[in-house]
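> run-v8.csv is reproduced below (CSV, N, CA and C atoms).
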chain,number,residue,atom,x,y,z
A,1,MET,N,44.8,20.4,-27.2
A,1,MET,CA,43.8,21.0,-26.3
A,1,MET,C,42.4,20.4,-26.4
A,2,LYS,N,42.0,20.2,-27.7
A,2,LYS,CA,40.6,19.6,-27.9
A,2,LYS,C,40.6,18.2,-27.3
A,3,LEU,N,41.7,17.5,-27.4
A,3,LEU,CA,41.8,16.1,-27.0
A,3,LEU,C,41.7,16.1,-25.4
A,4,LYS,N,42.3,17.0,-24.7
A,4,LYS,CA,42.2,17.1,-23.3
A,4,LYS,C,40.8,17.4,-22.8
A,5,ILE,N,40.1,18.3,-23.5
A,5,ILE,CA,38.7,18.7,-23.2
A,5,ILE,C,37.8,17.5,-23.4
A,6,LEU,N,38.1,16.8,-24.5
A,6,LEU,CA,37.3,15.6,-24.8
A,6,LEU,C,37.4,14.5,-23.8
A,7,LYS,N,38.7,14.2,-23.4
A,7,LYS,CA,39.0,13.2,-22.3
A,7,LYS,C,38.3,13.6,-21.0
A,8,LEU,N,38.5,14.9,-20.7
A,8,LEU,CA,37.9,15.4,-19.4
A,8,LEU,C,36.3,15.3,-19.4
A,9,SER,N,35.8,15.6,-20.6
A,9,SER,CA,34.3,15.5,-20.7
A,9,SER,C,33.8,14.1,-20.6
A,10,VAL,N,34.6,13.1,-21.2
A,10,VAL,CA,34.2,11.7,-21.1
A,10,VAL,C,34.3,11.2,-19.6
A,11,ILE,N,35.4,11.6,-18.9
A,11,ILE,CA,35.6,11.2,-17.5
A,11,ILE,C,34.5,11.8,-16.7
A,12,ILE,N,34.1,13.1,-16.9
A,12,ILE,CA,33.0,13.7,-16.1
A,12,ILE,C,31.7,13.0,-16.4
A,13,LEU,N,31.5,12.7,-17.6
A,13,LEU,CA,30.2,12.0,-18.0
A,13,LEU,C,30.2,10.6,-17.4
A,14,LEU,N,31.3,9.8,-17.4
A,14,LEU,CA,31.3,8.5,-16.8
A,14,LEU,C,31.1,8.6,-15.3
A,15,LEU,N,31.7,9.6,-14.6
A,15,LEU,CA,31.5,9.8,-13.2
A,15,LEU,C,30.0,10.1,-12.9
A,16,LEU,N,29.4,10.9,-13.7
A,16,LEU,CA,28.0,11.3,-13.5
A,16,LEU,C,27.1,10.0,-13.7
A,17,LEU,N,27.4,9.3,-14.7
A,17,LEU,CA,26.6,8.1,-15.0
A,17,LEU,C,26.7,7.0,-13.9
A,18,THR,N,27.9,6.8,-13.4
A,18,THR,CA,28.1,5.8,-12.4
A,18,THR,C,27.6,6.2,-11.1
A,19,GLY,N,27.7,7.5,-10.8
A,19,GLY,CA,27.2,8.1,-9.5
A,19,GLY,C,25.6,8.1,-9.5
A,20,ALA,N,25.0,8.2,-10.6
A,20,ALA,CA,23.5,8.3,-10.6
A,20,ALA,C,22.9,7.0,-10.3
A,21,GLY,N,23.6,5.9,-10.5
A,21,GLY,CA,23.0,4.6,-10.3
A,21,GLY,C,23.2,4.1,-8.8
A,22,CYS,N,24.0,4.8,-8.1
A,22,CYS,CA,24.3,4.4,-6.7
A,22,CYS,C,23.2,4.8,-5.7
A,23,LYS,N,22.9,4.0,-4.8
A,23,LYS,CA,21.9,4.3,-3.8
A,23,LYS,C,22.6,4.1,-2.4
A,24,ASP,N,22.4,5.0,-1.5
A,24,ASP,CA,22.9,4.9,-0.2
A,24,ASP,C,21.9,4.1,0.7
A,25,ASP,N,20.7,4.2,0.4
A,25,ASP,CA,19.7,3.6,1.2
A,25,ASP,C,19.2,2.3,0.7
A,26,GLU,N,18.8,1.4,1.7
A,26,GLU,CA,18.2,0.2,1.3
A,26,GLU,C,16.7,0.6,1.0
A,27,PRO,N,16.0,-0.3,0.2
A,27,PRO,CA,14.6,0.0,0.0
A,27,PRO,C,13.8,0.0,1.3
A,28,LEU,N,12.9,1.0,1.4
A,28,LEU,CA,12.1,1.1,2.7
A,28,LEU,C,11.1,0.0,2.7
A,29,GLU,N,10.9,-0.6,3.9
A,29,GLU,CA,9.9,-1.6,4.1
A,29,GLU,C,8.5,-0.9,3.9
A,30,THR,N,7.6,-1.6,3.3
A,30,THR,CA,6.3,-1.0,3.1
A,30,THR,C,5.2,-1.8,3.9
A,31,ASP,N,5.5,-2.9,4.4
A,31,ASP,CA,4.5,-3.7,5.2
A,31,ASP,C,4.4,-3.2,6.6
A,32,PRO,N,3.3,-2.6,7.0
A,32,PRO,CA,3.1,-2.0,8.3
A,32,PRO,C,3.4,-3.0,9.4
A,33,ALA,N,3.1,-4.3,9.2
A,33,ALA,CA,3.3,-5.3,10.2
A,33,ALA,C,4.8,-5.5,10.5
A,34,GLN,N,5.7,-5.1,9.5
A,34,GLN,CA,7.1,-5.2,9.7
A,34,GLN,C,7.7,-3.9,10.2
A,35,ILE,N,7.1,-2.8,9.7
A,35,ILE,CA,7.6,-1.5,10.1
A,35,ILE,C,7.4,-1.2,11.6
A,36,ILE,N,6.3,-1.6,12.1
A,36,ILE,CA,6.0,-1.3,13.5
A,36,ILE,C,6.8,-2.0,14.5
A,37,LEU,N,7.5,-3.1,14.1
A,37,LEU,CA,8.3,-3.9,15.0
A,37,LEU,C,9.4,-3.1,15.6
A,38,GLY,N,9.6,-3.2,16.9
A,38,GLY,CA,10.7,-2.5,17.6
A,38,GLY,C,10.2,-1.6,18.7
A,39,LYS,N,11.1,-0.8,19.2
A,39,LYS,CA,10.8,0.1,20.4
A,39,LYS,C,10.5,1.5,19.9
A,40,TRP,N,9.5,2.1,20.6
A,40,TRP,CA,9.1,3.4,20.2
A,40,TRP,C,8.9,4.2,21.5
A,41,GLU,N,9.4,5.5,21.4
A,41,GLU,CA,9.2,6.4,22.6
A,41,GLU,C,8.3,7.6,22.1
A,42,CYS,N,7.4,7.9,22.9
A,42,CYS,CA,6.5,9.1,22.6
A,42,CYS,C,7.3,10.4,22.6
A,43,MET,N,7.1,11.2,21.6
A,43,MET,CA,7.7,12.5,21.6
A,43,MET,C,6.7,13.7,21.5
A,44,GLU,N,5.5,13.4,21.1
A,44,GLU,CA,4.4,14.4,21.1
A,44,GLU,C,3.1,13.8,21.4
A,45,MET,N,2.3,14.6,22.1
A,45,MET,CA,0.9,14.3,22.4
A,45,MET,C,0.0,15.5,22.0
A,46,ASP,N,-0.8,15.3,21.0
A,46,ASP,CA,-1.7,16.4,20.5
A,46,ASP,C,-0.8,17.6,20.1
A,47,GLY,N,0.3,17.3,19.5
A,47,GLY,CA,1.2,18.4,18.9
A,47,GLY,C,2.0,19.1,20.0
A,48,GLU,N,1.9,18.7,21.2
A,48,GLU,CA,2.7,19.3,22.3
A,48,GLU,C,3.9,18.4,22.6
A,49,PRO,N,5.1,18.9,22.7
A,49,PRO,CA,6.3,18.1,23.0
A,49,PRO,C,6.1,17.3,24.2
A,50,TYR,N,6.6,16.0,24.2
A,50,TYR,CA,6.6,15.1,25.3
A,50,TYR,C,8.0,14.5,25.3
A,51,ASP,N,8.6,14.4,26.4
A,51,ASP,CA,10.0,13.9,26.5
A,51,ASP,C,10.2,12.4,26.6
A,52,GLY,N,9.1,11.7,26.6
A,52,GLY,CA,9.2,10.2,26.6
A,52,GLY,C,9.8,9.6,27.9
A,53,THR,N,9.8,10.4,29.0
A,53,THR,CA,10.5,9.9,30.2
A,53,THR,C,9.8,8.8,30.9
A,54,ASN,N,8.5,8.6,30.6
A,54,ASN,CA,7.8,7.5,31.3
A,54,ASN,C,8.2,6.1,30.9
A,55,GLY,N,8.6,6.0,29.6
A,55,GLY,CA,9.0,4.6,29.2
A,55,GLY,C,8.8,4.5,27.7
A,56,TYR,N,8.8,3.3,27.2
A,56,TYR,CA,8.6,3.1,25.8
A,56,TYR,C,7.7,1.9,25.6
A,57,ILE,N,7.2,1.8,24.3
A,57,ILE,CA,6.4,0.6,23.9
A,57,ILE,C,7.2,-0.2,22.9
A,58,GLU,N,7.0,-1.5,22.9
A,58,GLU,CA,7.7,-2.3,22.0
A,58,GLU,C,6.8,-3.3,21.3
A,59,TYR,N,6.7,-3.2,20.0
A,59,TYR,CA,5.9,-4.1,19.2
A,59,TYR,C,6.7,-5.4,18.9
A,60,LEU,N,6.3,-6.5,19.3
A,60,LEU,CA,7.0,-7.8,19.1
A,60,LEU,C,6.4,-8.6,18.0
A,61,PRO,N,7.1,-9.4,17.3
A,61,PRO,CA,6.6,-10.1,16.1
A,61,PRO,C,5.4,-11.1,16.5
A,62,ASP,N,5.3,-11.5,17.7
A,62,ASP,CA,4.2,-12.4,18.0
A,62,ASP,C,2.9,-11.7,18.5
A,63,SER,N,2.7,-10.5,18.0
A,63,SER,CA,1.5,-9.7,18.3
A,63,SER,C,1.5,-9.3,19.8
A,64,VAL,N,2.6,-9.3,20.4
A,64,VAL,CA,2.6,-8.8,21.8
A,64,VAL,C,3.1,-7.4,21.8
A,65,LEU,N,2.4,-6.5,22.5
A,65,LEU,CA,2.8,-5.1,22.8
A,65,LEU,C,3.3,-5.0,24.2
A,66,ARG,N,4.6,-4.7,24.3
A,66,ARG,CA,5.2,-4.6,25.7
A,66,ARG,C,5.5,-3.2,26.0
A,67,GLU,N,5.0,-2.7,27.2
A,67,GLU,CA,5.2,-1.4,27.6
A,67,GLU,C,6.2,-1.5,28.8
A,68,TYR,N,7.3,-0.6,28.7
A,68,TYR,CA,8.3,-0.6,29.8
A,68,TYR,C,8.2,0.8,30.5
A,69,GLN,N,8.2,0.7,31.8
A,69,GLN,CA,8.2,2.0,32.6
A,69,GLN,C,9.6,2.2,33.2
A,70,TYR,N,10.2,3.3,32.8
A,70,TYR,CA,11.6,3.6,33.2
A,70,TYR,C,11.7,3.6,34.8
A,71,GLU,N,10.7,4.3,35.4
A,71,GLU,CA,10.9,4.5,36.9
A,71,GLU,C,10.8,3.3,37.7
A,72,SER,N,9.8,2.4,37.3
A,72,SER,CA,9.6,1.2,38.1
A,72,SER,C,10.4,0.0,37.6
A,73,GLY,N,10.8,0.1,36.3
A,73,GLY,CA,11.5,-1.0,35.7
A,73,GLY,C,10.6,-2.2,35.4
A,74,GLU,N,9.3,-1.9,35.3
A,74,GLU,CA,8.3,-3.0,35.1
A,74,GLU,C,7.8,-3.0,33.6
A,75,TYR,N,7.5,-4.2,33.2
A,75,TYR,CA,6.9,-4.4,31.9
A,75,TYR,C,5.4,-4.6,32.1
A,76,TYR,N,4.6,-4.2,31.1
A,76,TYR,CA,3.2,-4.4,31.0
A,76,TYR,C,2.9,-5.0,29.6
A,77,TYR,N,2.0,-5.9,29.5
A,77,TYR,CA,1.8,-6.6,28.2
A,77,TYR,C,0.3,-6.4,27.8
A,78,LYS,N,0.2,-6.2,26.4
A,78,LYS,CA,-1.0,-6.2,25.7
A,78,LYS,C,-0.8,-7.0,24.5
A,79,LYS,N,-1.9,-7.1,23.7
A,79,LYS,CA,-1.8,-7.7,22.4
A,79,LYS,C,-2.1,-6.6,21.3
A,80,TYR,N,-1.7,-6.8,20.1
A,80,TYR,CA,-2.0,-5.9,19.0
A,80,TYR,C,-2.1,-6.6,17.7
A,81,SER,N,-2.8,-6.0,16.8
A,81,SER,CA,-2.8,-6.4,15.4
A,81,SER,C,-2.8,-5.2,14.5
A,82,ILE,N,-2.4,-5.4,13.3
A,82,ILE,CA,-2.3,-4.2,12.4
A,82,ILE,C,-2.8,-4.7,11.0
A,83,ASP,N,-3.7,-3.9,10.5
A,83,ASP,CA,-4.1,-4.1,9.1
A,83,ASP,C,-4.3,-2.7,8.6
A,84,THR,N,-5.5,-2.3,8.2
A,84,THR,CA,-5.7,-0.9,7.8
A,84,THR,C,-5.7,0.0,9.0
A,85,VAL,N,-5.9,-0.6,10.2
A,85,VAL,CA,-5.9,0.1,11.5
A,85,VAL,C,-5.1,-0.6,12.5
A,86,LEU,N,-4.4,0.1,13.4
A,86,LEU,CA,-3.7,-0.6,14.5
A,86,LEU,C,-4.6,-0.8,15.6
A,87,HIS,N,-4.8,-2.1,16.1
A,87,HIS,CA,-5.6,-2.4,17.2
A,87,HIS,C,-4.8,-2.8,18.4
A,88,GLU,N,-5.2,-2.3,19.6
A,88,GLU,CA,-4.6,-2.7,20.8
A,88,GLU,C,-5.6,-3.5,21.7
A,89,TYR,N,-5.2,-4.6,22.3
A,89,TYR,CA,-6.1,-5.4,23.1
A,89,TYR,C,-5.6,-5.5,24.5
A,90,ILE,N,-6.5,-5.4,25.4
A,90,ILE,CA,-6.2,-5.7,26.8
A,90,ILE,C,-6.8,-6.9,27.3
A,91,PHE,N,-6.2,-7.6,28.3
A,91,PHE,CA,-6.7,-8.8,28.8
A,91,PHE,C,-7.8,-8.5,29.9
A,92,ILE,N,-8.9,-9.1,29.8
A,92,ILE,CA,-10.0,-8.9,30.8
A,92,ILE,C,-10.0,-10.2,31.7
A,93,PRO,N,-9.5,-10.1,32.9
A,93,PRO,CA,-9.4,-11.4,33.7
A,93,PRO,C,-10.8,-12.0,34.0
A,94,GLN,N,-11.8,-11.2,34.2
A,94,GLN,CA,-13.1,-11.7,34.5
A,94,GLN,C,-13.7,-12.5,33.3
A,95,GLU,N,-13.3,-12.1,32.1
A,95,GLU,CA,-13.8,-12.7,30.9
A,95,GLU,C,-12.9,-13.8,30.4
A,96,GLY,N,-11.6,-13.7,30.8
A,96,GLY,CA,-10.6,-14.7,30.4
A,96,GLY,C,-10.2,-14.6,29.0
A,97,HIS,N,-10.3,-13.4,28.4
A,97,HIS,CA,-9.8,-13.2,27.0
A,97,HIS,C,-9.4,-11.7,26.8
A,98,TYR,N,-8.9,-11.5,25.6
A,98,TYR,CA,-8.5,-10.1,25.3
A,98,TYR,C,-9.7,-9.4,24.6
A,99,MET,N,-9.7,-8.1,24.8
A,99,MET,CA,-10.8,-7.3,24.2
A,99,MET,C,-10.1,-6.1,23.5
A,100,SER,N,-10.7,-5.7,22.4
A,100,SER,CA,-10.2,-4.5,21.7
A,100,SER,C,-10.3,-3.3,22.6
A,101,PHE,N,-9.3,-2.6,22.7
A,101,PHE,CA,-9.3,-1.4,23.6
A,101,PHE,C,-9.1,-0.1,22.9
A,102,PHE,N,-8.1,0.0,22.1
A,102,PHE,CA,-7.8,1.2,21.3
A,102,PHE,C,-7.7,0.8,19.8
A,103,GLU,N,-8.1,1.7,19.0
A,103,GLU,CA,-7.9,1.6,17.5
A,103,GLU,C,-7.3,2.9,17.0
A,104,TYR,N,-6.3,2.8,16.2
A,104,TYR,CA,-5.6,4.0,15.7
A,104,TYR,C,-5.5,3.9,14.2
A,105,HIS,N,-5.6,5.1,13.5
A,105,HIS,CA,-5.0,5.3,12.2
A,105,HIS,C,-3.5,5.5,12.4
A,106,TYR,N,-2.7,5.0,11.5
A,106,TYR,CA,-1.3,5.1,11.7
A,106,TYR,C,-0.6,5.6,10.4
A,107,ASP,N,0.6,6.1,10.5
A,107,ASP,CA,1.4,6.6,9.4
A,107,ASP,C,2.8,6.6,9.8
A,108,PHE,N,3.7,6.3,8.9
A,108,PHE,CA,5.2,6.3,9.2
A,108,PHE,C,5.9,7.3,8.3
A,109,SER,N,6.9,7.9,8.8
A,109,SER,CA,7.7,8.9,8.0
A,109,SER,C,9.1,8.8,8.4
A,110,GLU,N,9.9,9.7,7.8
A,110,GLU,CA,11.4,9.8,8.2
A,110,GLU,C,12.1,8.4,8.1
A,111,LYS,N,11.9,7.8,6.9
A,111,LYS,CA,12.4,6.5,6.7
A,111,LYS,C,12.0,5.5,7.8
A,112,ASN,N,10.7,5.5,8.1
A,112,ASN,CA,10.1,4.6,9.1
A,112,ASN,C,10.7,4.7,10.5
A,113,THR,N,11.2,5.9,10.8
A,113,THR,CA,11.7,6.1,12.2
A,113,THR,C,10.7,7.0,13.0
A,114,ILE,N,9.7,7.5,12.4
A,114,ILE,CA,8.6,8.3,13.1
A,114,ILE,C,7.3,7.6,12.8
A,115,MET,N,6.5,7.4,13.9
A,115,MET,CA,5.2,6.8,13.7
A,115,MET,C,4.1,7.8,14.3
A,116,TYR,N,3.1,8.1,13.5
A,116,TYR,CA,2.0,8.9,13.9
A,116,TYR,C,0.8,8.0,14.2
A,117,LEU,N,0.1,8.2,15.3
A,117,LEU,CA,-1.1,7.5,15.6
A,117,LEU,C,-2.2,8.5,15.9
A,118,GLU,N,-3.4,8.2,15.3
A,118,GLU,CA,-4.6,9.0,15.6
A,118,GLU,C,-5.6,8.1,16.2
A,119,LEU,N,-6.0,8.3,17.4
A,119,LEU,CA,-7.0,7.5,18.1
A,119,LEU,C,-8.3,7.7,17.4
A,120,LEU,N,-8.9,6.5,17.0
A,120,LEU,CA,-10.2,6.6,16.2
A,120,LEU,C,-11.4,7.0,17.1
A,121,TYR,N,-11.5,6.5,18.3
A,121,TYR,CA,-12.6,6.8,19.1
A,121,TYR,C,-12.1,7.5,20.3
A,122,TRP,N,-12.1,8.8,20.2
A,122,TRP,CA,-11.5,9.7,21.2
A,122,TRP,C,-12.4,9.8,22.4
A,123,ILE,N,-11.8,9.6,23.5
A,123,ILE,CA,-12.6,9.6,24.8
A,123,ILE,C,-12.1,10.6,25.8
A,124,GLY,N,-11.4,11.7,25.3
A,124,GLY,CA,-11.0,12.7,26.2
A,124,GLY,C,-9.5,12.7,26.5
A,125,SER,N,-8.8,11.6,26.2
A,125,SER,CA,-7.4,11.6,26.5
A,125,SER,C,-6.7,12.2,25.2
A,126,TYR,N,-5.5,11.9,25.0
A,126,TYR,CA,-4.8,12.4,23.9
A,126,TYR,C,-5.2,11.7,22.6
A,127,ARG,N,-5.4,12.5,21.6
A,127,ARG,CA,-5.9,11.9,20.3
A,127,ARG,C,-4.8,11.6,19.3
A,128,TYR,N,-3.8,12.5,19.3
A,128,TYR,CA,-2.7,12.4,18.3
A,128,TYR,C,-1.4,12.1,19.0
A,129,LEU,N,-0.8,11.1,18.7
A,129,LEU,CA,0.5,10.7,19.3
A,129,LEU,C,1.6,10.5,18.2
A,130,THR,N,2.8,11.0,18.5
A,130,THR,CA,3.9,10.9,17.7
A,130,THR,C,5.0,10.2,18.4
A,131,PHE,N,5.5,9.1,17.8
A,131,PHE,CA,6.6,8.3,18.4
A,131,PHE,C,7.8,8.3,17.5
A,132,LYS,N,9.0,8.2,18.2
A,132,LYS,CA,10.2,8.0,17.4
A,132,LYS,C,10.8,6.6,17.8
A,133,ARG,N,11.4,6.0,16.8
A,133,ARG,CA,12.0,4.7,16.9
A,133,ARG,C,13.2,4.8,17.8
A,134,ILE,N,13.4,3.9,18.8
A,134,ILE,CA,14.6,3.9,19.6
A,134,ILE,C,15.3,2.6,19.5
A,135,LYS,N,16.5,2.5,19.9
A,135,LYS,CA,17.3,1.2,19.8
A,135,LYS,C,17.0,0.4,21.0
Please render this file's structure as structure tokens.

Amino acid sequence: MKLKILKLSVIILLLLLTGAGCKDDEPLETDPAQIILGKWECMEMDGEPYDGTNGYIEYLPDSVLREYQYESGEYYYKKYSIDTVLHEYIFIPQEGHYMSFFEYHYDFSEKNTIMYLELLYWIGSYRYLTFKRIK
């Protein structure tokens, strides 16, 4: 009887030790320049639900921000950069160059599938935006 209990205890202990070392998740990316890459759909504006039916934004590796409009099927392009702040730039045809247009504080959560943006210089539009990553 004691031998059976000892064997069972050893087996349970081994199962616990081998299971404790397993990880289901890959390590999360921590570089914002990598995390931001991909397609994002807006789901909240200033805390109010938004269904994202207008389109999505896509951050590309070459600092291009592409906006897609579902209804028209058209793409619009901007530039972006990210460091401690996310910067969006628009092209000014009269000047022939890009100009900083929006700056945001950013944060990521839910294993980098949710992005929160806070507009730094609020001009009366939405200040807080929440996006979800889409495929």
> As a short mmCIF file (atom, residue, chain, number, x, y, z; two decimals) with N, CA and C atoms, keeping the file's coordinate frame, please: the residues near Lys39 (chain A) (cut-off 6 Å, only C-alpha atoms, same-chain neighbours under 5 positions excluded).

data_model
loop_
_atom_site.label_atom_id
_atom_site.label_comp_id
_atom_site.auth_asym_id
_atom_site.auth_seq_id
_atom_site.Cartn_x
_atom_site.Cartn_y
_atom_site.Cartn_z
N ILE A 57 7.20 1.80 24.30
CA ILE A 57 6.40 0.60 23.90
C ILE A 57 7.20 -0.20 22.90
N GLU A 58 7.00 -1.50 22.90
CA GLU A 58 7.70 -2.30 22.00
C GLU A 58 6.80 -3.30 21.30
N ARG A 133 11.40 6.00 16.80
CA ARG A 133 12.00 4.70 16.90
C ARG A 133 13.20 4.80 17.80
N ILE A 134 13.40 3.90 18.80
CA ILE A 134 14.60 3.90 19.60
C ILE A 134 15.30 2.60 19.50
#
> Would you mind listing what lies within 10 Å of Tyr89 (chain A) as number ranges by chain, with only C-alpha atoms counted and same-chain residues fewer than 5 positions away left out?
A: 63-65, 77-81, 97-103
> List every residue of chain A that DSSP, applied to the backbone, labels as helix (DSSP H, G or I), and write the result as JSON, numbers by chain.
{"A": [2, 3, 4, 5, 6, 7, 8, 9, 10, 11, 12, 13, 14, 15, 16, 17, 18, 19, 20, 32, 33, 34, 35]}
> So that I can check the surroundings of Cys42 (chain A), please list as a VMD selection string every protein, DNA and RNA residue that reaches within 6 Å of it, counting only N, CA and C atoms and ignoring chain neighbours fewer than 3 positions away.
chain A and resid 50 to 52 56 130 to 132
> Tell me, which residues of chain A carry DSSP strand (DSSP E or B), written as a ChimeraX atom specification?
/A:38-45,48-49,55-59,64-69,75-82,86-92,97-109,114-119,128-134
> Rounded to one decimal in Å, what is the spacing between CA of His105 (chain A) and CA of Leu119 (chain A)?
6.6 Å
> So, with only C-alpha atoms as the atoms that count, which of A:Glu71, A:Asp62, A:Glu118, A:Glu110 lies closest to Leu86 (chain A)?
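Once distances to Leu86 (chain A) are computed over only C-alpha atoms, the minimum belongs to A:Glu118.
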> Name all residues at most 8 Å from region 46-49 of chain A (count only N, CA and C atoms; drop same-chain ones fewer than 5 positions away) and give them as an mmCIF file with N, CA and C atoms, keeping the file's coordinate frame.

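Contents of the output file result_2.cif:
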data_model
loop_
_atom_site.group_PDB
_atom_site.id
_atom_site.type_symbol
_atom_site.label_atom_id
_atom_site.label_comp_id
_atom_site.auth_asym_id
_atom_site.auth_seq_id
_atom_site.Cartn_x
_atom_site.Cartn_y
_atom_site.Cartn_z
ATOM 1 N N SER A 125 -8.800 11.600 26.200
ATOM 2 C CA SER A 125 -7.400 11.600 26.500
ATOM 3 C C SER A 125 -6.700 12.200 25.200
ATOM 4 N N TYR A 126 -5.500 11.900 25.000
ATOM 5 C CA TYR A 126 -4.800 12.400 23.900
ATOM 6 C C TYR A 126 -5.200 11.700 22.600
ATOM 7 N N ARG A 127 -5.400 12.500 21.600
ATOM 8 C CA ARG A 127 -5.900 11.900 20.300
ATOM 9 C C ARG A 127 -4.800 11.600 19.300
ATOM 10 N N TYR A 128 -3.800 12.500 19.300
ATOM 11 C CA TYR A 128 -2.700 12.400 18.300
ATOM 12 C C TYR A 128 -1.400 12.100 19.000
ATOM 13 N N LEU A 129 -0.800 11.100 18.700
ATOM 14 C CA LEU A 129 0.500 10.700 19.300
ATOM 15 C C LEU A 129 1.600 10.500 18.200
ATOM 16 N N THR A 130 2.800 11.000 18.500
ATOM 17 C CA THR A 130 3.900 10.900 17.700
ATOM 18 C C THR A 130 5.000 10.200 18.400
#
> Go through A:Glu29, A:Glu41, A:Asp107, A:Glu95 and flag the residue nearest Tyr59 (chain A), using only C-alpha atoms for the distances.
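Distance minimum relative to Tyr59 (chain A) lands on A:Glu41.
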> By how many Å are CA of Ala33 (chain A) and atom N of Glu67 (chain A) apart?
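Distance reported for this atom pair: 17.3 Å.
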> Would you mind listing what lies within 12 Å of Asp31 (chain A) as a ChimeraX atom specification, with only C-alpha atoms counted and same-chain residues fewer than 2 positions away left out?
/A:27-29,33-37,82-84,107-108,112
> Go ahead and save the residues from that selection, with N, CA and C atoms, as a PDB file, in the frame of the given file.

ATOM      1  N   PRO A  27      16.000  -0.300   0.200  1.00  0.00           N
ATOM      2  CA  PRO A  27      14.600   0.000   0.000  1.00  0.00           C
ATOM      3  C   PRO A  27      13.800   0.000   1.300  1.00  0.00           C
ATOM      4  N   LEU A  28      12.900   1.000   1.400  1.00  0.00           N
ATOM      5  CA  LEU A  28      12.100   1.100   2.700  1.00  0.00           C
ATOM      6  C   LEU A  28      11.100   0.000   2.700  1.00  0.00           C
ATOM      7  N   GLU A  29      10.900  -0.600   3.900  1.00  0.00           N
ATOM      8  CA  GLU A  29       9.900  -1.600   4.100  1.00  0.00           C
ATOM      9  C   GLU A  29       8.500  -0.900   3.900  1.00  0.00           C
ATOM     10  N   ALA A  33       3.100  -4.300   9.200  1.00  0.00           N
ATOM     11  CA  ALA A  33       3.300  -5.300  10.200  1.00  0.00           C
ATOM     12  C   ALA A  33       4.800  -5.500  10.500  1.00  0.00           C
ATOM     13  N   GLN A  34       5.700  -5.100   9.500  1.00  0.00           N
ATOM     14  CA  GLN A  34       7.100  -5.200   9.700  1.00  0.00           C
ATOM     15  C   GLN A  34       7.700  -3.900  10.200  1.00  0.00           C
ATOM     16  N   ILE A  35       7.100  -2.800   9.700  1.00  0.00           N
ATOM     17  CA  ILE A  35       7.600  -1.500  10.100  1.00  0.00           C
ATOM     18  C   ILE A  35       7.400  -1.200  11.600  1.00  0.00           C
ATOM     19  N   ILE A  36       6.300  -1.600  12.100  1.00  0.00           N
ATOM     20  CA  ILE A  36       6.000  -1.300  13.500  1.00  0.00           C
ATOM     21  C   ILE A  36       6.800  -2.000  14.500  1.00  0.00           C
ATOM     22  N   LEU A  37       7.500  -3.100  14.100  1.00  0.00           N
ATOM     23  CA  LEU A  37       8.300  -3.900  15.000  1.00  0.00           C
ATOM     24  C   LEU A  37       9.400  -3.100  15.600  1.00  0.00           C
ATOM     25  N   ILE A  82      -2.400  -5.400  13.300  1.00  0.00           N
ATOM     26  CA  ILE A  82      -2.300  -4.200  12.400  1.00  0.00           C
ATOM     27  C   ILE A  82      -2.800  -4.700  11.000  1.00  0.00           C
ATOM     28  N   ASP A  83      -3.700  -3.900  10.500  1.00  0.00           N
ATOM     29  CA  ASP A  83      -4.100  -4.100   9.100  1.00  0.00           C
ATOM     30  C   ASP A  83      -4.300  -2.700   8.600  1.00  0.00           C
ATOM     31  N   THR A  84      -5.500  -2.300   8.200  1.00  0.00           N
ATOM     32  CA  THR A  84      -5.700  -0.900   7.800  1.00  0.00           C
ATOM     33  C   THR A  84      -5.700   0.000   9.000  1.00  0.00           C
ATOM     34  N   ASP A 107       0.600   6.100  10.500  1.00  0.00           N
ATOM     35  CA  ASP A 107       1.400   6.600   9.400  1.00  0.00           C
ATOM     36  C   ASP A 107       2.800   6.600   9.800  1.00  0.00           C
ATOM     37  N   PHE A 108       3.700   6.300   8.900  1.00  0.00           N
ATOM     38  CA  PHE A 108       5.200   6.300   9.200  1.00  0.00           C
ATOM     39  C   PHE A 108       5.900   7.300   8.300  1.00  0.00           C
ATOM     40  N   ASN A 112      10.700   5.500   8.100  1.00  0.00           N
ATOM     41  CA  ASN A 112      10.100   4.600   9.100  1.00  0.00           C
ATOM     42  C   ASN A 112      10.700   4.700  10.500  1.00  0.00           C
TER      43      ASN A 112
END
> Could you model N, CA, C and O atoms for region 26-31 of chain A and present them as an mmCIF file, in the coordinates of the input?

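Generated file (selection_8.cif):
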data_model
loop_
_atom_site.group_PDB
_atom_site.id
_atom_site.type_symbol
_atom_site.label_atom_id
_atom_site.label_comp_id
_atom_site.auth_asym_id
_atom_site.auth_seq_id
_atom_site.Cartn_x
_atom_site.Cartn_y
_atom_site.Cartn_z
ATOM 1 N N GLU A 26 18.800 1.400 1.700
ATOM 2 C CA GLU A 26 18.200 0.200 1.300
ATOM 3 C C GLU A 26 16.700 0.600 1.000
ATOM 4 O O GLU A 26 16.203 1.576 1.469
ATOM 5 N N PRO A 27 16.000 -0.300 0.200
ATOM 6 C CA PRO A 27 14.600 0.000 0.000
ATOM 7 C C PRO A 27 13.800 0.000 1.300
ATOM 8 O O PRO A 27 14.108 -0.773 2.189
ATOM 9 N N LEU A 28 12.900 1.000 1.400
ATOM 10 C CA LEU A 28 12.100 1.100 2.700
ATOM 11 C C LEU A 28 11.100 0.000 2.700
ATOM 12 O O LEU A 28 10.484 -0.382 1.702
ATOM 13 N N GLU A 29 10.900 -0.600 3.900
ATOM 14 C CA GLU A 29 9.900 -1.600 4.100
ATOM 15 C C GLU A 29 8.500 -0.900 3.900
ATOM 16 O O GLU A 29 8.349 0.235 4.341
ATOM 17 N N THR A 30 7.600 -1.600 3.300
ATOM 18 C CA THR A 30 6.300 -1.000 3.100
ATOM 19 C C THR A 30 5.200 -1.800 3.900
ATOM 20 O O THR A 30 4.071 -1.268 3.967
ATOM 21 N N ASP A 31 5.500 -2.900 4.400
ATOM 22 C CA ASP A 31 4.500 -3.700 5.200
ATOM 23 C C ASP A 31 4.400 -3.200 6.600
ATOM 24 O O ASP A 31 5.360 -3.249 7.372
#
